[in-house]
>>> print(open('query_19.txt').read())   # compact mmCIF, C-alpha atoms and all ligand atoms
# COMPACT_ATOMS: atom_id res chain seq x y z
CA MET O 1100 -65.92 18.74 53.14
CA THR O 1101 -66.67 19.42 56.79
CA GLY O 1102 -67.11 22.95 58.13
CA ALA O 1103 -63.92 22.55 60.18
CA ASP O 1104 -61.93 21.53 57.07
CA PHE O 1105 -63.32 24.48 55.13
CA THR O 1106 -62.44 26.95 57.91
CA PHE O 1107 -58.94 25.47 58.13
CA ILE O 1108 -58.15 25.62 54.40
CA ALA O 1109 -59.74 29.08 53.98
CA ALA O 1110 -57.54 30.44 56.80
CA LEU O 1111 -54.42 28.76 55.37
CA LEU O 1112 -55.00 30.26 51.91
CA LYS O 1113 -55.69 33.73 53.28
CA GLU O 1114 -52.58 33.67 55.44
CA ARG O 1115 -50.29 32.31 52.73
CA SER O 1116 -51.52 34.13 49.63
CA GLY O 1117 -54.27 36.58 50.58
CA LEU O 1118 -56.83 34.52 48.64
CA ILE O 1119 -60.33 34.69 50.09
CA ILE O 1120 -62.44 31.58 49.60
CA THR O 1121 -66.08 31.98 50.57
CA PRO O 1122 -68.31 28.95 51.15
CA ASP O 1123 -70.09 29.50 47.79
CA LYS O 1124 -66.70 29.01 46.06
CA GLY O 1125 -66.02 25.79 47.99
CA TYR O 1126 -66.38 23.76 44.76
CA LEU O 1127 -63.05 25.34 43.63
CA LEU O 1128 -61.32 23.35 46.35
CA GLU O 1129 -62.62 20.09 44.86
CA THR O 1130 -61.72 20.97 41.26
CA ARG O 1131 -58.31 22.54 41.90
CA LEU O 1132 -57.02 20.29 44.64
CA GLY O 1133 -58.32 17.05 43.09
CA PRO O 1134 -55.17 16.54 40.96
CA LEU O 1135 -52.94 17.04 44.03
CA VAL O 1136 -55.01 14.52 46.01
CA ARG O 1137 -54.51 11.95 43.22
CA GLU O 1138 -50.83 12.81 42.70
CA ARG O 1139 -50.16 12.12 46.38
CA GLY O 1140 -52.16 8.88 46.29
CA LEU O 1141 -54.59 10.16 48.92
CA PRO O 1142 -58.14 8.77 49.15
CA SER O 1143 -59.93 12.12 49.49
CA LEU O 1144 -59.75 15.88 49.96
CA ALA O 1145 -60.33 15.31 53.68
CA ALA O 1146 -57.15 13.22 53.77
CA LEU O 1147 -55.24 16.09 52.15
CA MET O 1148 -56.55 18.39 54.90
CA ASP O 1149 -55.16 15.95 57.48
CA VAL O 1150 -51.74 16.03 55.76
CA LEU O 1151 -51.82 19.85 55.75
CA ARG O 1152 -52.48 19.93 59.50
CA GLN O 1153 -49.34 17.93 60.25
CA PRO O 1154 -46.13 19.72 61.25
CA GLY O 1155 -43.55 19.82 58.46
CA SER O 1156 -46.19 20.01 55.71
CA ASP O 1157 -44.68 23.18 54.25
CA SER O 1158 -44.01 21.84 50.76
CA VAL O 1159 -47.54 20.45 50.37
CA ARG O 1160 -48.95 23.73 51.71
CA ALA O 1161 -47.01 25.55 48.98
CA GLN O 1162 -48.42 23.14 46.39
CA VAL O 1163 -51.95 23.84 47.64
CA VAL O 1164 -51.43 27.60 47.36
CA ASP O 1165 -50.04 27.15 43.85
CA ALA O 1166 -52.96 24.94 42.80
CA MET O 1167 -55.54 27.42 44.13
CA THR O 1168 -54.27 30.44 42.17
CA THR O 1169 -56.34 31.67 39.22
CA ASN O 1170 -53.93 32.23 36.35
CA GLU O 1171 -56.28 33.52 33.64
CA THR O 1172 -54.39 35.95 31.38
CA SER O 1173 -53.83 36.86 27.74
CA PHE O 1174 -51.56 38.96 25.54
CA PHE O 1175 -52.52 42.67 25.60
CA ARG O 1176 -55.34 41.84 28.02
CA ASP O 1177 -58.10 44.51 27.84
CA SER O 1178 -55.96 46.36 25.19
CA HIS O 1179 -56.83 49.81 26.67
CA PRO O 1180 -54.11 49.83 29.38
CA PHE O 1181 -51.47 48.92 26.79
CA ASP O 1182 -52.68 51.76 24.53
CA THR O 1183 -52.38 54.16 27.49
CA LEU O 1184 -48.87 52.93 28.20
CA ARG O 1185 -47.88 53.36 24.56
CA LYS O 1186 -49.51 56.76 23.99
CA SER O 1187 -48.99 58.52 27.33
CA VAL O 1188 -47.16 56.78 30.15
CA ILE O 1189 -44.03 55.55 28.33
CA PRO O 1190 -43.49 58.71 26.21
CA GLY O 1191 -43.73 60.84 29.37
CA LEU O 1192 -41.20 58.65 31.17
CA ILE O 1193 -38.82 58.68 28.20
CA GLU O 1194 -38.74 62.47 28.42
CA ARG O 1195 -38.25 62.50 32.17
CA ARG O 1196 -35.61 59.73 32.18
CA ALA O 1197 -33.58 61.11 29.23
CA GLY O 1198 -30.68 61.79 31.60
CA ALA O 1199 -30.61 58.43 33.37
CA ARG O 1200 -31.51 56.42 30.21
CA ALA O 1201 -32.99 53.68 32.37
CA LEU O 1202 -36.51 52.32 32.91
CA ARG O 1203 -37.71 49.71 35.40
CA ILE O 1204 -41.08 48.03 34.95
CA TRP O 1205 -42.76 45.52 37.30
CA SER O 1206 -45.40 43.03 36.27
CA ALA O 1207 -46.50 42.17 39.82
CA ALA O 1208 -48.67 39.11 39.16
CA CYS O 1209 -47.42 38.02 35.76
CA SER O 1210 -49.01 34.56 35.58
CA THR O 1211 -47.75 32.66 32.50
CA GLY O 1212 -45.92 35.69 31.09
CA GLN O 1213 -48.29 37.20 28.54
CA GLU O 1214 -48.34 40.56 30.39
CA PRO O 1215 -44.54 41.16 30.55
CA TYR O 1216 -44.08 39.83 27.00
CA SER O 1217 -46.81 42.24 25.78
CA LEU O 1218 -44.87 45.09 27.41
CA SER O 1219 -41.64 43.91 25.85
CA MET O 1220 -43.27 43.84 22.39
CA ILE O 1221 -44.58 47.41 22.82
CA LEU O 1222 -41.16 48.70 23.84
CA LYS O 1223 -39.49 47.00 20.88
CA ASP O 1224 -42.07 47.99 18.25
CA HIS O 1225 -42.87 51.55 19.28
CA PHE O 1226 -39.86 52.96 21.08
CA PRO O 1227 -36.66 52.70 19.03
CA ALA O 1228 -35.54 55.72 21.09
CA LEU O 1229 -34.96 53.26 23.93
CA ASN O 1230 -32.10 51.52 22.09
CA GLY O 1231 -29.06 51.78 24.34
CA TRP O 1232 -31.18 52.40 27.46
CA LYS O 1233 -31.08 50.06 30.43
CA ILE O 1234 -34.52 48.48 30.41
CA GLU O 1235 -35.53 46.02 33.09
CA ILE O 1236 -38.85 44.22 33.29
CA ILE O 1237 -39.23 42.31 36.55
CA ALA O 1238 -42.07 39.81 36.34
CA THR O 1239 -43.15 38.17 39.60
CA ASP O 1240 -45.82 35.75 40.75
CA ILE O 1241 -46.51 33.61 43.81
CA SER O 1242 -46.95 30.47 41.72
CA PRO O 1243 -43.77 28.58 40.73
CA SER O 1244 -45.64 26.55 38.10
CA VAL O 1245 -46.82 29.59 36.12
CA LEU O 1246 -43.35 31.13 36.38
CA ASP O 1247 -41.87 27.99 34.81
CA ARG O 1248 -44.25 28.38 31.88
CA ALA O 1249 -43.53 32.11 31.64
CA ARG O 1250 -39.76 31.51 31.47
CA GLU O 1251 -40.30 28.92 28.77
CA GLY O 1252 -42.30 31.43 26.70
CA VAL O 1253 -44.07 28.75 24.67
CA TYR O 1254 -47.77 29.21 23.89
CA SER O 1255 -50.50 27.31 22.08
CA THR O 1256 -52.15 28.66 18.95
CA PHE O 1257 -55.24 29.42 21.05
CA GLU O 1258 -53.18 31.48 23.51
CA VAL O 1259 -51.40 33.54 20.86
CA GLN O 1260 -54.63 34.18 18.99
CA ARG O 1261 -56.25 35.75 22.07
CA GLY O 1262 -55.60 39.48 21.90
CA MET O 1263 -52.50 39.55 19.74
CA PRO O 1264 -52.44 41.00 16.21
CA ILE O 1265 -51.13 38.49 13.65
CA GLN O 1266 -48.29 40.84 12.60
CA MET O 1267 -46.93 40.76 16.15
CA LEU O 1268 -47.13 36.98 16.23
CA VAL O 1269 -45.13 36.74 13.02
CA ARG O 1270 -42.58 39.32 14.17
CA HIS O 1271 -41.94 38.15 17.71
CA PHE O 1272 -42.55 34.38 17.78
CA GLU O 1273 -41.03 31.28 16.19
CA GLN O 1274 -43.28 28.36 15.37
CA VAL O 1275 -42.16 25.16 17.08
CA GLY O 1276 -44.39 22.30 15.91
CA GLU O 1277 -47.92 23.18 17.02
CA THR O 1278 -46.71 25.87 19.44
CA TRP O 1279 -45.27 29.40 19.34
CA ARG O 1280 -42.08 30.40 21.13
CA ILE O 1281 -41.32 34.03 21.97
CA LYS O 1282 -38.01 35.18 20.47
CA ASP O 1283 -34.97 35.46 22.75
CA GLU O 1284 -34.53 39.17 22.02
CA LEU O 1285 -37.84 39.83 23.84
CA ARG O 1286 -36.99 37.58 26.74
CA ARG O 1287 -33.65 39.22 27.40
CA ASN O 1288 -34.96 42.21 29.38
CA ILE O 1289 -37.34 40.19 31.53
CA ILE O 1290 -36.36 38.71 34.88
CA PHE O 1291 -38.92 36.22 36.19
CA ARG O 1292 -38.89 35.54 39.90
CA ARG O 1293 -41.17 34.29 42.62
CA ALA O 1294 -42.58 36.96 44.93
CA ASN O 1295 -45.59 36.94 47.22
CA LEU O 1296 -47.33 40.33 47.34
CA LEU O 1297 -47.89 39.76 51.07
CA ASP O 1298 -44.14 39.66 51.75
CA ASP O 1299 -41.65 42.48 52.14
CA LEU O 1300 -40.97 43.64 48.57
CA ALA O 1301 -38.20 46.15 49.29
CA ALA O 1302 -35.52 43.93 47.71
CA LEU O 1303 -37.18 44.42 44.31
CA GLY O 1304 -36.13 48.08 44.24
CA THR O 1305 -38.07 51.00 42.74
CA PHE O 1306 -40.08 50.97 39.51
CA ASP O 1307 -41.19 53.56 36.97
CA ILE O 1308 -44.22 51.50 35.93
CA VAL O 1309 -46.05 48.86 37.97
CA LEU O 1310 -48.72 46.58 36.55
CA CYS O 1311 -50.69 44.88 39.31
CA ARG O 1312 -53.65 43.67 37.35
CA ASN O 1313 -56.42 41.22 38.12
CA VAL O 1314 -55.00 39.97 41.39
CA LEU O 1315 -56.32 42.40 44.05
CA ILE O 1316 -59.83 41.17 43.19
CA TYR O 1317 -59.05 37.92 45.05
CA PHE O 1318 -58.16 39.66 48.33
CA ASP O 1319 -60.18 41.28 51.12
CA GLN O 1320 -60.13 45.03 51.71
CA PRO O 1321 -57.44 45.17 54.45
CA THR O 1322 -55.13 43.06 52.25
CA LYS O 1323 -55.74 45.30 49.20
CA THR O 1324 -54.96 48.36 51.33
CA ARG O 1325 -51.77 46.80 52.65
CA ILE O 1326 -50.55 45.71 49.19
CA LEU O 1327 -51.31 49.10 47.62
CA GLY O 1328 -49.27 50.73 50.41
CA ALA O 1329 -46.38 48.34 49.77
CA ILE O 1330 -46.50 48.97 46.00
CA ALA O 1331 -46.50 52.74 46.59
CA GLY O 1332 -43.21 52.24 48.42
CA ARG O 1333 -41.80 50.55 45.30
CA THR O 1334 -43.06 53.16 42.78
CA ALA O 1335 -41.01 56.19 41.68
CA SER O 1336 -42.61 59.48 42.74
CA ASP O 1337 -43.44 60.26 39.08
CA GLY O 1338 -44.14 56.62 38.23
CA ALA O 1339 -47.44 54.94 37.35
CA LEU O 1340 -49.49 52.02 38.66
CA LEU O 1341 -51.93 50.21 36.36
CA LEU O 1342 -54.66 48.06 37.88
CA GLY O 1343 -57.11 45.63 36.28
CA GLY O 1344 -60.45 46.72 34.79
CA ALA O 1345 -62.43 45.75 37.92
CA GLU O 1346 -59.87 47.21 40.35
CA SER O 1347 -59.31 50.69 41.79
CA VAL O 1348 -57.62 52.43 44.72
CA PHE O 1349 -60.73 54.40 45.65
CA GLY O 1350 -61.91 53.79 49.20
CA LEU O 1351 -58.91 51.53 49.79
CA SER O 1352 -55.76 53.59 49.90
CA ASP O 1353 -54.66 57.20 49.66
CA ALA O 1354 -51.11 56.14 48.78
CA PHE O 1355 -52.17 56.45 45.09
CA ALA O 1356 -54.45 58.84 43.22
CA GLY O 1357 -55.84 58.60 39.69
CA LEU O 1358 -53.69 60.40 37.10
CA PRO O 1359 -55.81 63.02 35.32
CA GLY O 1360 -57.12 61.87 31.94
CA LEU O 1361 -55.64 58.37 32.24
CA LYS O 1362 -58.29 55.79 33.09
CA GLY O 1363 -57.04 53.04 35.40
CA VAL O 1364 -53.61 54.66 35.88
CA TYR O 1365 -52.54 55.87 39.32
CA GLY O 1366 -49.61 57.90 40.62
CA PRO O 1367 -48.16 57.73 44.15
CA THR O 1368 -49.30 60.60 46.37
CA GLY O 1369 -46.35 60.41 48.77
CA LYS O 1370 -48.76 59.67 51.61
CA THR O 1371 -47.56 56.70 53.60
CA GLN O 1372 -50.69 56.68 55.74
CA THR O 1373 -53.22 54.40 54.08
CA LYS O 1374 -56.90 54.78 54.78
CA PRO O 1375 -58.36 52.33 57.24
CA ALA O 1376 -60.21 49.77 55.17
CA LYS O 1377 -63.97 49.65 55.44
CA PRO O 1378 -65.42 46.40 56.72
CA ALA O 1379 -66.27 44.01 53.88
CA TRP O 1380 -69.85 43.72 55.11
CA PRO O 1381 -71.91 45.70 57.65
CA LEU O 1382 -70.84 44.91 61.19
CA PRO O 1383 -73.58 43.32 63.32
CA LEU O 1384 -75.49 45.78 65.48
CA PRO O 1385 -74.72 45.53 69.21
CA ALA O 1386 -77.35 43.46 71.00
CA ALA O 1387 -80.12 45.54 72.56
CA SER O 1388 -79.72 45.83 76.33
C1 LIG U 1 -55.67 36.29 37.10
S1 LIG U 1 -53.90 36.27 37.06
C2 LIG U 1 -53.56 37.87 36.40
C3 LIG U 1 -52.41 37.83 35.43
C4 LIG U 1 -52.12 39.15 34.73
N1 LIG U 1 -51.69 40.17 35.66
C5 LIG U 1 -53.31 39.62 33.96
O1 LIG U 1 -53.95 40.62 34.34
O2 LIG U 1 -53.64 39.00 32.95
C6 LIG U 1 -53.56 36.47 38.81
C7 LIG U 1 -52.15 36.04 39.20
O3 LIG U 1 -51.88 36.49 40.52
C8 LIG U 1 -51.06 35.53 41.17
N2 LIG U 1 -51.16 35.72 42.63
C9 LIG U 1 -52.18 35.38 43.44
N3 LIG U 1 -51.90 35.69 44.72
C10 LIG U 1 -50.66 36.26 44.71
C11 LIG U 1 -49.83 36.79 45.72
N4 LIG U 1 -50.19 36.80 47.01
N5 LIG U 1 -48.62 37.28 45.36
C12 LIG U 1 -48.23 37.26 44.05
N6 LIG U 1 -48.99 36.78 43.05
C13 LIG U 1 -50.19 36.28 43.38
C14 LIG U 1 -51.61 34.20 40.66
O4 LIG U 1 -50.67 33.15 40.80
C15 LIG U 1 -51.96 34.52 39.22
O5 LIG U 1 -50.94 34.13 38.33
>>> encode(input="query_19.txt", output="C-alpha cells", more="lines below")
Ligand SMILES: C[S@@+](CC[C@H](N)C(=O)[O-])C[C@H]1O[C@@H](n2cnc3c(N)ncnc32)[C@H](O)[C@@H]1O
Amino acid sequence: MTGADFTFIAALLKERSGLIITPDKGYLLETRLGPLVRERGLPSLAALMDVLRQPGSDSVRAQVVDAMTTNETSFFRDSHPFDTLRKSVIPGLIERRAGARALRIWSAACSTGQEPYSLSMILKDHFPALNGWKIEIIATDISPSVLDRAREGVYSTFEVQRGMPIQMLVRHFEQVGETWRIKDELRRNIIFRRANLLDDLAALGTFDIVLCRNVLIYFDQPTKTRILGAIAGRTASDGALLLGGAESVFGLSDAFAGLPGLKGVYGPTGKTQTKPAKPAWPLPLPAAS
C-alpha cells in the first residue's frame, strides 16, 4: 500500500469511527479488508482505495468501517466488573430506585451481545426483587454485522465455554444442533441498535449504569475525552460507568471520578468541562533560531 493510500484510509477510519491505525498496524488493513476486496471483485486493496475516493461511496465506506472493527468479547469478560455490579452497584441502585421501580442500562459497544446478555443473566439470577420493575438494557455498536449476530443470540460451544459457568449455560440457553441459543426471556429486555460513539447520543436518554468497555483503547486521547464527556451527559447523577481493564478516566476527563472502593467504576462529577487532552506524544521542540 502506498503512503498516500495509508494516509487516506487512516483519516477515513478516524473520522468515521475514531479508530486510530498506526503504520505498524497496517497489516490489519490487508487481513480485514481482503474479504471485501474479493467480495467486490476488485483486483487489489489499492483498487478498493480508489473506489473509496469516489463520490457516492458511502455504503462501501460503511462496510470498510464495519470490517475494521475489533469485536473480541466474551460472556462475563474479566469477571471482576460483573461481580462489582452484582455485589455493589446494582443493590445500591435498587435501594435508590425503589420509588421509580425502573432501571436503564447501556452496553455502549456491545459487539456480538455477550456483554448485555451477561448483564441480563445477572439480573435474572440474582435480583428477583426486580420482578415487576421496568428494566431496559440498550445495547449499541457501530457495526451492523455484530449487531445482527447479537440479535440472533446464537453462539458456538467455544463461545459459551469462554467465561460462563456451565449452570448458567444450562439455565439460560437452548441447544440448537451444534450451537447454543439464548432464551427469549433474557432477550426481552434488551434493545439492540446501531450507534456511533462519535455521534450525538442524546436520543438514547439517561442511564443508571453504562458499560463502555474495551473500545476507548482504539481511540486517541482527544476522542476518548470527547466520548467520556458525552457519556457523562447520558449518565444519571448517581449512576455508574464501567470501563475495560486497560481503560481509565484519569488524565482524560474530569466528567467522571472513581467511586471509592470500586475498582474500574466511575461516577459522574457534574463537571461539564472536560480536561484538555494531553498530546499523544511529545510535541516537537521549536527550531532553534
Ligand atoms: C473489543 S469490542 C468490546 C466488546 C465488549 N464491550 C467487551 O468488552 O467485551 C469493541 C466494540 O466496539 C465497537 N466500536 C468501535 N468503534 C465504535 C464507535 N465509534 N462507536 C460504537 N462502537 C464502536 C466495535 O464494533 C466492537 O464491537
>>> residues_near_ligand(input="query_19.txt", ligand="ligand LIG 1 (chain U)", cutoff="7 Å", atoms="all atoms listed in the file", output="PyMOL selection string")
chain O and resi 1116-1118+1165+1168-1173+1176+1206-1211+1214+1239-1242+1245+1294-1297+1311-1314+1343
>>> residues_around(input="query_19.txt", residues="Gly1338 (chain O)", least_positions_apart="4", cutoff="6 Å", atoms="only C-alpha atoms", output="mmCIF file with C-alpha atoms, keeping the file's coordinate frame")
data_model
loop_
_atom_site.group_PDB
_atom_site.id
_atom_site.type_symbol
_atom_site.label_atom_id
_atom_site.label_comp_id
_atom_site.auth_asym_id
_atom_site.auth_seq_id
_atom_site.Cartn_x
_atom_site.Cartn_y
_atom_site.Cartn_z
ATOM 1 C CA ASP O 1307 -41.190 53.560 36.970
ATOM 2 C CA ILE O 1308 -44.220 51.500 35.930
ATOM 3 C CA THR O 1334 -43.060 53.160 42.780
#
>>> residues_around(input="query_19.txt", residues="His1271 (chain O)", least_positions_apart="4", cutoff="10 Å", atoms="all atoms listed in the file", output="list in words")
Tyr1216, Ser1219, Met1220, Lys1223, Asp1224, Gln1266, Met1267, Trp1279, Arg1280, Ile1281, Lys1282, Asp1283, Glu1284 and Leu1285 of chain O
>>> atom_distance(input="query_19.txt", atom1="CA of Ile1326 (chain O)", atom2="CA of Arg1292 (chain O)")
18.0 Å
>>> closest_residue(input="query_19.txt", among="O:Arg1203, O:Arg1248, O:Arg1131, O:Lys1186", to="Ile1236 (chain O)", atoms="all atoms listed in the file")
O:Arg1203
>>> closest_residue(input="query_19.txt", among="O:Phe1174, O:Phe1306, O:Trp1232, O:Phe1181", to="Arg1200 (chain O)", atoms="only C-alpha atoms")
O:Trp1232
>>> atom_distance(input="query_19.txt", atom1="CA of Ala1335 (chain O)", atom2="CA of Ile1237 (chain O)")
14.9 Å
>>> axis_aligned_box(input="query_19.txt", around="region 1278-1294 of chain O", padding_each_side="5 Å", output="JSON")
{"center_x": -40.2, "center_y": 34.0, "center_z": 32.1, "size_x": 23.1, "size_y": 26.3, "size_z": 35.6}
>>> atom_distance(input="query_19.txt", atom1="CA of Ala1331 (chain O)", atom2="CA of Gly1366 (chain O)")
8.5 Å
>>> closest_residue(input="query_19.txt", among="O:Gly1262, O:Pro1122, O:Gly1304, O:Gly1212", to="Glu1235 (chain O)", atoms="all atoms listed in the file")
O:Gly1304
